Amino acid sequence: METKTKVSKDFPKGKVAYFVTTNIHKFLEAHNVLSEYKIATAKLKVEATEIQDDSLENIAKFSAHDAVKNSGLPIFVGDAGLFVEALNGFPGPYSAFVYRTVGPQGILDLMQNKTNRNAYFQTVIAYCEPNGEPKTFCGKVEGTICMEQKGDLGFGYDPIFVPNRGDGRTFAQMSTDEKNVYSHRAEALRKFAEWYSGVGKRIF
Ligand code: ITT
């Protein structure tokens with residue numbers, strides 16, 4: 001006997017994308033961007049090794065491969081870092097470790113006598129299917145490191161980063177949707193969404 005699943009007329013028609021992340025803020029940013037493309041985002045908790053490497057792309061590809069192996073599902077991951085010009089790109093791919101150890105204040109302390117405040121955030125999204133190779137999408141936002149922490153929204157280094165294209169507020173002074181106008185992650189997610197919308201079949 002054939003059974004039909006009924007889907008409400010009001011339910012957005014689209015696809016689902018599985019995001020392997022432990023970070024709820026990253027998930028919310030992705031949820032909001034992908035919903036613009038009628039893609040539903042599901043947060044998955046799957047073991048995925050995060051290697052130490054100088055390249056965000058290598059780290060993201062390795063995690064994506066590992067997460068697919070451990071889940072058997074098509075998934076995406078996103079690896080990001082803050083690159084500070086006066087610190088020769090530090091903390092870069094080591095941003096998570098530096099955040100856990102000295103935090104944003106540690107970066108401000110290292111920047112005390114620096115007049116060059118330029119920095120950028122970069123994200124690499126890696127999407128991978130079972131038995132496939134990861135496909136990557138990059139996003140970057142240029143900005144400056146401010147003199148003191150400002151704002152209590154967002155996460156990570158948001159309180160010390162002011163995007164150049166903004167109005168002088170830090171990411172931590174912006175809502176998720178405002179941050180998504182400028183952010184590295186939103187840029188990478190939009191590239192991913194454009195591509196993902198065009199592949200495969202709609203599932204509901
Ligand atoms: P995953 O489970 O998805 O790996 P994570 O928090 O480790 O979550 P990333 O590896 O992408 O995320 O980022 C490394 C660190 O860089 C992260 O812990 C933050 O401290 C910082 N970071 C990344 N993206 C950021 C953003 O948009 N705003 C502020 N800080 C960010």
# chains A, B, ... in the order shown; residues from 1 in each chain; ligands from 1
$ closest_atom_pairs --of "region 105-199 of chain A" --to "region 16-38 of chain A" --cutoff "9 Å" --atoms "only C-alpha atoms" --output "CSV"
residue,atom,partner,partner_atom,distance
A:Gly154,CA,A:His25,CA,6.6
A:Phe155,CA,A:His25,CA,6.8
A:Thr176,CA,A:Glu29,CA,6.1
A:Asp177,CA,A:Asn32,CA,7.2
A:Lys179,CA,A:Glu29,CA,8.4
A:Asn180,CA,A:Glu29,CA,6.8
A:Arg185,CA,A:Glu29,CA,7.8
A:Ala186,CA,A:Val33,CA,6.5
A:Leu189,CA,A:Ala30,CA,6.8
A:Arg190,CA,A:Val33,CA,6.9
A:Phe192,CA,A:Leu34,CA,8.9
A:Ala193,CA,A:Leu34,CA,6.3
A:Glu194,CA,A:Tyr37,CA,7.7
A:Tyr196,CA,A:Ala17,CA,8.7
A:Ser197,CA,A:Tyr37,CA,7.3
$ write_last_selection --atoms "C-alpha atoms" --output "short mmCIF file (atom, residue, chain, number, x, y, z; two decimals), in the first residue's frame"
data_model
loop_
_atom_site.label_atom_id
_atom_site.label_comp_id
_atom_site.auth_asym_id
_atom_site.auth_seq_id
_atom_site.Cartn_x
_atom_site.Cartn_y
_atom_site.Cartn_z
CA GLY A 154 27.45 36.88 19.15
CA PHE A 155 30.42 34.80 20.27
CA THR A 176 22.53 37.70 14.01
CA ASP A 177 20.81 39.08 10.90
CA LYS A 179 26.10 40.29 11.32
CA ASN A 180 24.98 38.13 8.41
CA ARG A 185 30.43 32.93 7.41
CA ALA A 186 27.36 34.39 5.69
CA LEU A 189 27.11 30.07 3.32
CA ARG A 190 25.54 32.06 0.46
CA PHE A 192 27.22 27.08 -0.58
CA ALA A 193 23.46 27.73 -0.71
CA GLU A 194 23.58 28.90 -4.35
CA TYR A 196 23.33 23.37 -3.02
CA SER A 197 20.01 24.75 -4.28
#
$ residues_near_ligand --ligand "ligand 1" --cutoff "8 Å" --atoms "only C-alpha atoms and all ligand atoms" --output "PyMOL selection string"
chain A and resi 20-23+26+50+77-82+93-100+103+121-123+154-159+161+171+183-185
$ select_by_dssp --residues "region 74-181 of chain A" --states "alpha helix (DSSP H)" --output "JSON, numbers by chain"
{"A": [95, 96, 97, 98, 99, 100, 101, 103, 104, 105, 106, 107, 108, 109, 110, 176, 177, 178, 179, 180, 181]}
$ atom_distance --atom1 "CA of Ile75 (chain A)" --atom2 "CA of Tyr127 (chain A)"
5.8 Å
$ atom_distance --atom1 "CA of Tyr182 (chain A)" --atom2 "CA of Ala60 (chain A)"
21.5 Å
$ atom_distance --atom1 "CA of Arg117 (chain A)" --atom2 "CA of Lys150 (chain A)"
15.5 Å
$ closest_atom_pairs --of "region 35-86 of chain A" --to "region 133-138 of chain A" --cutoff "7 Å" --atoms "only C-alpha atoms" --output "CSV"
residue,atom,partner,partner_atom,distance
A:Lys61,CA,A:Pro134,CA,5.8
A:Ala64,CA,A:Pro134,CA,6.7
A:His65,CA,A:Pro134,CA,6.8
$ residues_around --residues "Arg169 (chain A)" --least-positions-apart "5" --cutoff "10 Å" --atoms "only C-alpha atoms" --output "PyMOL selection string"
chain A and resi 146+150-151+159-164+174
$ closest_residue --among "A:Glu85, A:Asp54, A:Glu47, A:Gln112" --to "Ser71 (chain A)" --atoms "only C-alpha atoms"
A:Glu47
$ closest_residue --among "A:Leu87, A:Ile59, A:Leu108, A:Leu73" --to "Ile145 (chain A)" --atoms "only C-alpha atoms"
A:Leu108
$ closest_residue --among "A:Asn88, A:Val141, A:Ile125, A:Leu153" --to "Glu57 (chain A)" --atoms "only C-alpha atoms"
A:Ile125
$ select_by_dssp --residues "region 18-161 of chain A" --states "strand (DSSP E)" --output "MDAnalysis selection string"
chainID A and resid 18:20 39:44 75:84 118:128 135:145 161
$ residues_around --residues "Val68 (chain A)" --least-positions-apart "6" --cutoff "8 Å" --atoms "only C-alpha atoms" --output "ChimeraX atom specification"
/A:74-75,128-130
